Structures are given as structure tokens and as C-alpha cells.
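To be precise, the following lines are coords_8.tsv, and they hold TSV, C-alpha atoms.
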```tsv
chain	number	residue	atom	x	y	z
A	1	LYS	CA	0.00	0.00	0.00
A	2	ALA	CA	1.51	3.31	-1.09
A	3	GLY	CA	2.09	5.87	1.61
A	4	VAL	CA	1.60	9.61	1.54
A	5	THR	CA	3.48	11.09	-1.40
A	6	GLN	CA	4.74	14.64	-1.41
A	7	THR	CA	6.26	16.47	-4.34
A	8	PRO	CA	8.66	18.04	-4.87
A	9	ARG	CA	10.95	16.72	-2.16
A	10	TYR	CA	13.36	19.63	-2.36
A	11	LEU	CA	13.09	23.07	-3.87
A	12	ILE	CA	14.87	26.38	-3.77
A	13	LYS	CA	13.11	29.69	-4.35
A	14	THR	CA	13.98	33.33	-3.95
A	15	ARG	CA	12.18	35.93	-1.88
A	16	GLY	CA	9.01	37.21	-3.46
A	17	GLN	CA	8.36	34.09	-5.53
A	18	GLN	CA	5.53	31.70	-4.90
A	19	VAL	CA	5.55	27.95	-4.49
A	20	THR	CA	3.06	25.11	-4.79
A	21	LEU	CA	3.50	21.85	-2.94
A	22	SER	CA	1.55	18.71	-3.67
A	23	CYS	CA	0.35	15.87	-1.47
A	24	SER	CA	-1.22	12.58	-2.53
A	25	PRO	CA	-2.80	10.85	0.47
A	26	ILE	CA	-2.98	7.15	1.08
A	27	SER	CA	-5.65	5.59	-1.10
A	28	GLY	CA	-9.04	5.90	0.58
A	29	HIS	CA	-7.96	8.63	2.97
A	30	ARG	CA	-10.13	11.72	2.82
A	31	SER	CA	-8.49	13.98	5.36
A	32	VAL	CA	-5.31	15.84	4.51
A	33	SER	CA	-3.54	18.18	6.87
A	34	TRP	CA	-0.40	20.25	6.46
A	35	TYR	CA	2.32	21.13	8.94
A	36	GLN	CA	5.35	23.39	8.84
A	37	GLN	CA	8.52	22.32	10.65
A	38	THR	CA	11.32	24.76	11.42
A	39	PRO	CA	14.20	24.56	13.92
A	40	GLY	CA	12.93	27.61	15.76
A	41	GLN	CA	9.18	27.02	15.89
A	42	GLY	CA	9.05	23.25	15.69
A	43	LEU	CA	6.02	21.59	14.13
A	44	GLN	CA	3.08	23.87	13.53
A	45	PHE	CA	-0.32	23.10	12.06
A	46	LEU	CA	-1.15	24.92	8.84
A	47	PHE	CA	-4.54	23.63	7.72
A	48	GLU	CA	-6.73	20.59	7.26
A	49	TYR	CA	-8.91	19.60	4.36
A	50	PHE	CA	-11.69	17.06	4.27
A	51	SER	CA	-14.04	16.44	1.38
A	52	GLU	CA	-12.55	19.37	-0.53
A	53	THR	CA	-13.34	21.81	2.27
A	54	GLN	CA	-10.94	23.52	4.64
A	55	ARG	CA	-11.96	22.41	8.11
A	56	ASN	CA	-9.26	23.92	10.28
A	57	LYS	CA	-6.66	26.60	9.86
A	58	GLY	CA	-3.58	27.37	11.91
A	59	ASN	CA	-2.18	30.74	12.80
A	60	PHE	CA	-0.44	31.58	9.54
A	61	PRO	CA	-0.77	34.65	7.30
A	62	GLY	CA	-2.99	34.68	4.26
A	63	ARG	CA	0.04	34.05	2.04
A	64	PHE	CA	-0.40	30.41	2.97
A	65	SER	CA	-3.31	28.74	1.23
A	66	GLY	CA	-4.36	25.32	0.14
A	67	ARG	CA	-6.99	23.26	-1.53
A	68	GLN	CA	-8.14	19.71	-1.91
A	69	PHE	CA	-9.36	18.03	-5.05
A	70	SER	CA	-12.13	15.51	-5.52
A	71	ASN	CA	-9.61	12.66	-5.49
A	72	SER	CA	-8.40	13.89	-2.05
A	73	ARG	CA	-5.09	15.09	-3.39
A	74	SER	CA	-4.10	18.39	-1.86
A	75	GLU	CA	-1.93	21.33	-2.73
A	76	MET	CA	-0.65	24.15	-0.64
A	77	ASN	CA	0.60	27.44	-1.95
A	78	VAL	CA	2.81	30.06	-0.40
A	79	SER	CA	2.91	33.42	-2.14
A	80	THR	CA	5.42	36.25	-1.78
A	81	LEU	CA	7.96	34.00	-0.14
A	82	GLU	CA	9.98	35.26	2.80
A	83	LEU	CA	13.24	33.92	4.20
A	84	GLY	CA	11.33	32.66	7.24
A	85	ASP	CA	9.24	30.37	5.07
A	86	SER	CA	12.24	28.07	4.68
A	87	ALA	CA	11.04	24.87	6.30
A	88	LEU	CA	10.09	21.27	5.93
A	89	TYR	CA	6.42	21.09	4.92
A	90	LEU	CA	4.76	17.88	5.95
A	91	CYS	CA	1.49	16.49	4.74
A	92	ALA	CA	-0.53	13.96	6.71
A	93	SER	CA	-3.52	11.87	5.72
A	94	SER	CA	-6.11	9.82	7.54
A	95	LEU	CA	-9.34	7.99	6.82
A	96	SER	CA	-11.46	10.39	8.81
A	97	ARG	CA	-11.15	13.44	10.98
A	98	ASP	CA	-11.03	11.80	14.38
A	99	THR	CA	-9.03	8.66	13.78
A	100	GLY	CA	-6.20	7.51	15.96
A	101	GLU	CA	-3.91	7.05	12.99
A	102	LEU	CA	-2.48	9.94	11.07
A	103	PHE	CA	0.20	9.16	8.50
A	104	PHE	CA	2.77	11.62	7.24
A	105	GLY	CA	4.70	11.90	4.02
A	106	GLU	CA	8.43	12.52	3.76
A	107	GLY	CA	7.91	16.23	3.37
A	108	SER	CA	8.91	18.96	0.97
A	109	ARG	CA	11.97	20.88	2.02
A	110	LEU	CA	11.74	24.49	0.89
A	111	THR	CA	14.70	26.83	0.97
A	112	VAL	CA	14.09	30.53	0.35
A	113	LEU	CA	17.13	32.59	-0.65
B	1	ALA	CA	1.17	27.49	28.81
B	2	GLN	CA	2.72	24.80	26.68
B	3	LYS	CA	0.18	22.21	25.68
B	4	ILE	CA	2.77	19.49	25.16
B	5	THR	CA	6.01	19.38	27.11
B	6	GLN	CA	8.89	17.07	26.40
B	7	THR	CA	11.50	17.81	29.03
B	8	GLN	CA	14.30	15.65	27.64
B	9	PRO	CA	16.05	17.34	24.72
B	10	GLY	CA	18.28	14.29	24.27
B	11	MET	CA	18.58	10.77	25.58
B	12	PHE	CA	21.11	7.97	25.28
B	13	VAL	CA	20.27	4.29	25.70
B	14	GLN	CA	22.29	1.14	25.35
B	15	GLU	CA	21.23	-1.25	22.65
B	16	LYS	CA	18.74	-3.89	23.88
B	17	GLU	CA	17.77	-1.84	26.92
B	18	ALA	CA	14.42	-0.16	27.50
B	19	VAL	CA	14.00	3.61	27.44
B	20	THR	CA	11.23	5.96	28.51
B	21	LEU	CA	10.60	9.26	26.75
B	22	ASP	CA	8.61	11.74	28.81
B	23	CYS	CA	5.60	13.73	27.69
B	24	THR	CA	3.23	15.84	29.74
B	25	TYR	CA	0.23	17.65	28.35
B	26	ASP	CA	-2.14	20.38	29.35
B	27	THR	CA	-5.78	20.45	28.40
B	28	SER	CA	-9.15	21.09	30.02
B	29	ASP	CA	-10.92	19.14	27.29
B	30	PRO	CA	-12.21	15.78	28.60
B	31	SER	CA	-11.84	14.20	25.18
B	32	TYR	CA	-8.44	14.21	23.53
B	33	GLY	CA	-5.97	11.98	21.77
B	34	LEU	CA	-2.26	11.56	22.27
B	35	PHE	CA	0.18	10.51	19.56
B	36	TRP	CA	3.83	9.59	19.35
B	37	TYR	CA	5.83	9.95	16.16
B	38	LYS	CA	9.39	9.07	15.21
B	39	GLN	CA	11.32	11.28	12.81
B	40	PRO	CA	14.57	9.85	11.44
B	41	SER	CA	17.10	12.09	9.76
B	42	SER	CA	15.31	11.54	6.44
B	43	GLY	CA	12.51	13.77	7.73
B	44	GLU	CA	9.52	11.47	7.44
B	45	MET	CA	7.22	11.40	10.48
B	46	ILE	CA	6.49	7.78	11.36
B	47	PHE	CA	3.36	7.07	13.39
B	48	LEU	CA	4.15	4.91	16.43
B	49	ILE	CA	1.23	4.80	18.80
B	50	TYR	CA	-2.05	6.46	19.79
B	51	GLN	CA	-3.92	6.76	23.08
B	52	GLY	CA	-7.43	8.13	23.44
B	53	SER	CA	-8.35	9.88	26.66
B	54	TYR	CA	-11.15	7.43	27.34
B	55	ASP	CA	-9.12	4.32	26.58
B	56	GLN	CA	-8.99	2.17	29.69
B	57	GLN	CA	-5.80	0.37	28.86
B	58	ASN	CA	-2.39	1.66	27.88
B	59	ALA	CA	-1.78	1.44	24.15
B	60	THR	CA	0.86	-0.96	22.87
B	61	GLU	CA	2.30	-1.51	19.39
B	62	GLY	CA	5.06	-4.06	19.21
B	63	ARG	CA	8.07	-2.71	21.12
B	64	TYR	CA	6.27	0.57	21.81
B	65	SER	CA	3.94	1.16	24.71
B	66	LEU	CA	2.38	4.30	26.05
B	67	ASN	CA	2.36	4.78	29.81
B	68	PHE	CA	-0.81	6.86	30.17
B	69	GLN	CA	-1.32	8.50	33.56
B	70	LYS	CA	-4.40	10.64	33.13
B	71	ALA	CA	-4.42	12.26	36.56
B	72	ARG	CA	-0.83	13.35	36.12
B	73	LYS	CA	-1.46	14.32	32.49
B	74	SER	CA	1.47	12.31	31.28
B	75	ALA	CA	1.83	10.05	28.26
B	76	ASN	CA	5.30	8.61	28.29
B	77	LEU	CA	6.57	6.42	25.47
B	78	VAL	CA	8.37	3.25	26.46
B	79	ILE	CA	10.57	1.54	23.88
B	80	SER	CA	11.61	-1.93	24.89
B	81	ALA	CA	14.74	-3.72	23.62
B	82	SER	CA	16.20	-0.66	21.88
B	83	GLN	CA	17.73	-1.11	18.45
B	84	LEU	CA	20.25	1.02	16.59
B	85	GLY	CA	17.52	1.91	14.14
B	86	ASP	CA	15.54	3.55	16.94
B	87	SER	CA	17.97	6.49	16.89
B	88	ALA	CA	15.80	9.41	15.81
B	89	MET	CA	13.79	12.40	17.02
B	90	TYR	CA	10.61	11.49	18.86
B	91	PHE	CA	7.59	13.77	19.07
B	92	CYS	CA	4.61	13.65	21.37
B	93	ALA	CA	1.44	15.31	20.05
B	94	MET	CA	-2.12	15.97	21.17
B	95	ARG	CA	-5.45	16.51	19.47
B	96	GLU	CA	-8.22	18.13	21.51
B	97	SER	CA	-11.81	17.33	20.67
B	98	ARG	CA	-12.82	20.97	20.69
B	99	GLU	CA	-10.63	21.42	17.66
B	100	TYR	CA	-11.75	18.21	16.09
B	101	GLY	CA	-10.14	16.93	12.98
B	102	ASN	CA	-6.46	16.37	12.50
B	103	LYS	CA	-5.06	19.49	14.10
B	104	LEU	CA	-2.24	18.25	16.29
B	105	VAL	CA	-0.14	20.22	18.73
B	106	PHE	CA	3.41	18.88	18.94
B	107	GLY	CA	6.03	18.97	21.64
B	108	ALA	CA	9.59	20.11	20.96
B	109	GLY	CA	10.81	16.54	20.61
B	110	THR	CA	13.44	14.31	22.18
B	111	ILE	CA	16.50	13.09	20.29
B	112	LEU	CA	17.21	9.47	21.12
B	113	ARG	CA	20.59	7.93	20.45
B	114	VAL	CA	21.03	4.17	20.79
B	115	LYS	CA	24.57	3.06	21.59
B	116	SER	CA	26.02	-0.30	20.54
```
Would you give me this structure, written as C-alpha cells?
Amino acid sequence: KAGVTQTPRYLIKTRGQQVTLSCSPISGHRSVSWYQQTPGQGLQFLFEYFSETQRNKGNFPGRFSGRQFSNSRSEMNVSTLELGDSALYLCASSLSRDTGELFFGEGSRLTVL
Amino acid sequence: AQKITQTQPGMFVQEKEAVTLDCTYDTSDPSYGLFWYKQPSSGEMIFLIYQGSYDQQNATEGRYSLNFQKARKSANLVISASQLGDSAMYFCAMRESREYGNKLVFGAGTILRVKS
């Protein structure tokens, strides 16, 4: 059974650019959530999608956005990149919204120069 | 106040010995879930174990068990018979029912190093 797949795995951008990250959940999983991991702030929740609707949002500026498609795949977008957006972005999927199992992908490592 | 506290920044354990990683949490919500994840240097977060606040028994998954002490608000991870491959960062996380869904709050993590 394939796990959570995130693309791209690594990317380098410059300040002011935008970036789109993709997440394919485990087959059958309908909930996708996103997290940002940095050395200074640790792991922080970005947002959660279920049935193509954003259900929860973390405390991030509007430059961070996302969406979910009918096949449960999800994308997140960061516009007007800042140096502080350099991070590992992790996607997690689960069957439902209150399950005890939440599976993560390997992450997309973004470097902003 | 921190919702999840992991007081051990780093731990060493001898191969084949057991180790306990500490986690305390803070919530007034009667319904919550507690998770432990392992993050090797590759970056992937590997799900280890889950404990619901209403679960009567401590969760176990193979060599992993969760020592759940509700009154003390602690959810320590016990790894038995440590292996070299257990060397990684370990995160404790909580989901509160008031938030619902898969919004987890993570602790700062504990780096575990297994010595041969």
C-alpha cells in the first residue's frame, strides 16, 4: 500500500516568488492536513482539508493557502515568499477526521534565498 | 502554557535496553488523543502509537507502549529492547476534541541515540 506522497521533495526559491507543494494521500484517505517544521518554531499546524473543504486553519498569514481536489489530493501554496518560510512542509492523511492514525509523508523541504 | 512538554532534549540508551521518553500535556478538554511519532534524519514522520483519553488500557504496538497516567497528564513512550535503528527524534502530540479533525499540537521533541 503506497504511503503519503509529497512532491517536490526539495526546492529552492527566492524571496518574493511563490511555491506550490503537492500531497497525494494514502488511497481511501479523505483527510489531509499540512504542517510546517522549522528549527525555531518546531512543528506547527497549517490547515486541514476534508471532502474538498478547509476544516481547520492554523495561525499563519494569508500568504499560505491550500486546496483539496475531488480525489483527495491536496496542494498548498505560499505566495510572496519570505526567508522565514524556509522549512520542511509535511502532509498527513487519515481515513477520517477523528481517527487515531495519522500518517505523514516525507515532506517537501523548501529553501528561500 | 505549553500544551505538550517534552522535558528531555536528548537521551542515550544502550542497545537492547528499554528507554522511557517523557511527555506531559495540558488540556481542560475531557476528550483528547495523544500521539507519538518518530522522525529519522530523512525527515519522514512515522506514526508509532495512539492513546485516546477514554481508553482504559495503555496502548501498545510491538516494542512501543504508552504509559498513560491521566491524573498526572502524562503520556510517556516506552521503547523496549532498543535497536540502533531507533535512533531518531521522537515527538509527542495531542489533538483536543474541541478542535476536532487532525489538528495536532506537537512537543519540541526528544532526540534518542542508541549506543552499541
TODO: Could you please select, counting all atoms listed in the file, the residues of chain A within 8 Å of chain B and state them as a PyMOL selection string?
DONE: chain A and resi 31+33+42-45+47-48+55-56+96-98+100-107
Open item on the list: With 12 Å as the threshold, what does the neighbourhood of (19.5, 20.1, 26.9) contain in terms of residues, counting all atoms listed in the file? Coordinates are those of the file; answer as a PyMOL selection string.
Closed with: chain B and resi 6-11+108-111
- [ ] Would you kindly return, as a list in words, each protein, DNA or RNA residue with an atom no farther than 9 Å from any atom of Asp85 of chain A, considering only C-alpha atoms and excluding same-chain residues fewer than 6 positions away?
- [x]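 My list of contacting residues is Gln36, Thr38, Val78, Leu110, Thr111 and Val112 of chain A.
As for atom CA of Ala81 of chain B and atom CA of Glu17 of chain B, they are spaced 4.9 Å apart.
In this structure, atom CA of Ser116 of chain B sits 5.3 Å away from atom CA of Glu15 of chain B.
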- [ ] To one decimal in Å, tell me the separation between atom CA of Gln54 of chain A and atom CA of Trp34 of chain A.
- [x]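 Value for the atom CA of Gln54 of chain A-atom CA of Trp34 of chain A distance: 11.2 Å.
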Open item on the list: What's around segment 13-24 of chain A at 6 Å? Count all atoms listed in the file, leave out sequence neighbours fewer than 6 positions away in its own chain, and write the answer as a ChimeraX atom specification.
Closed with: /A:4-7,73-82,112-113
Limited to C-alpha atoms, could you put the picked residues into a file as a PDB file, in the frame of the given file?
```
ATOM      1  CA  VAL A   4       1.600   9.610   1.540  1.00  0.00           C
ATOM      2  CA  THR A   5       3.480  11.090  -1.400  1.00  0.00           C
ATOM      3  CA  GLN A   6       4.740  14.640  -1.410  1.00  0.00           C
ATOM      4  CA  THR A   7       6.260  16.470  -4.340  1.00  0.00           C
ATOM      5  CA  ARG A  73      -5.090  15.090  -3.390  1.00  0.00           C
ATOM      6  CA  SER A  74      -4.100  18.390  -1.860  1.00  0.00           C
ATOM      7  CA  GLU A  75      -1.930  21.330  -2.730  1.00  0.00           C
ATOM      8  CA  MET A  76      -0.650  24.150  -0.640  1.00  0.00           C
ATOM      9  CA  ASN A  77       0.600  27.440  -1.950  1.00  0.00           C
ATOM     10  CA  VAL A  78       2.810  30.060  -0.400  1.00  0.00           C
ATOM     11  CA  SER A  79       2.910  33.420  -2.140  1.00  0.00           C
ATOM     12  CA  THR A  80       5.420  36.250  -1.780  1.00  0.00           C
ATOM     13  CA  LEU A  81       7.960  34.000  -0.140  1.00  0.00           C
ATOM     14  CA  GLU A  82       9.980  35.260   2.800  1.00  0.00           C
ATOM     15  CA  VAL A 112      14.090  30.530   0.350  1.00  0.00           C
ATOM     16  CA  LEU A 113      17.130  32.590  -0.650  1.00  0.00           C
TER      17      LEU A 113
END
```
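Distances to Ile79 of chain B were evaluated for B:Pro40, B:Cys92, B:Thr24, B:Gly62 using all atoms listed in the file, and the minimum falls at B:Gly62.
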Task: Nearest to Gly85 of chain B by atom-to-atom distance, counting all atoms listed in the file, from B:Ser28, B:Ser53, B:Asn58, B:Ser41 - done: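 Checking each candidate against Gly85 of chain B, we get B:Ser41 as the closest.
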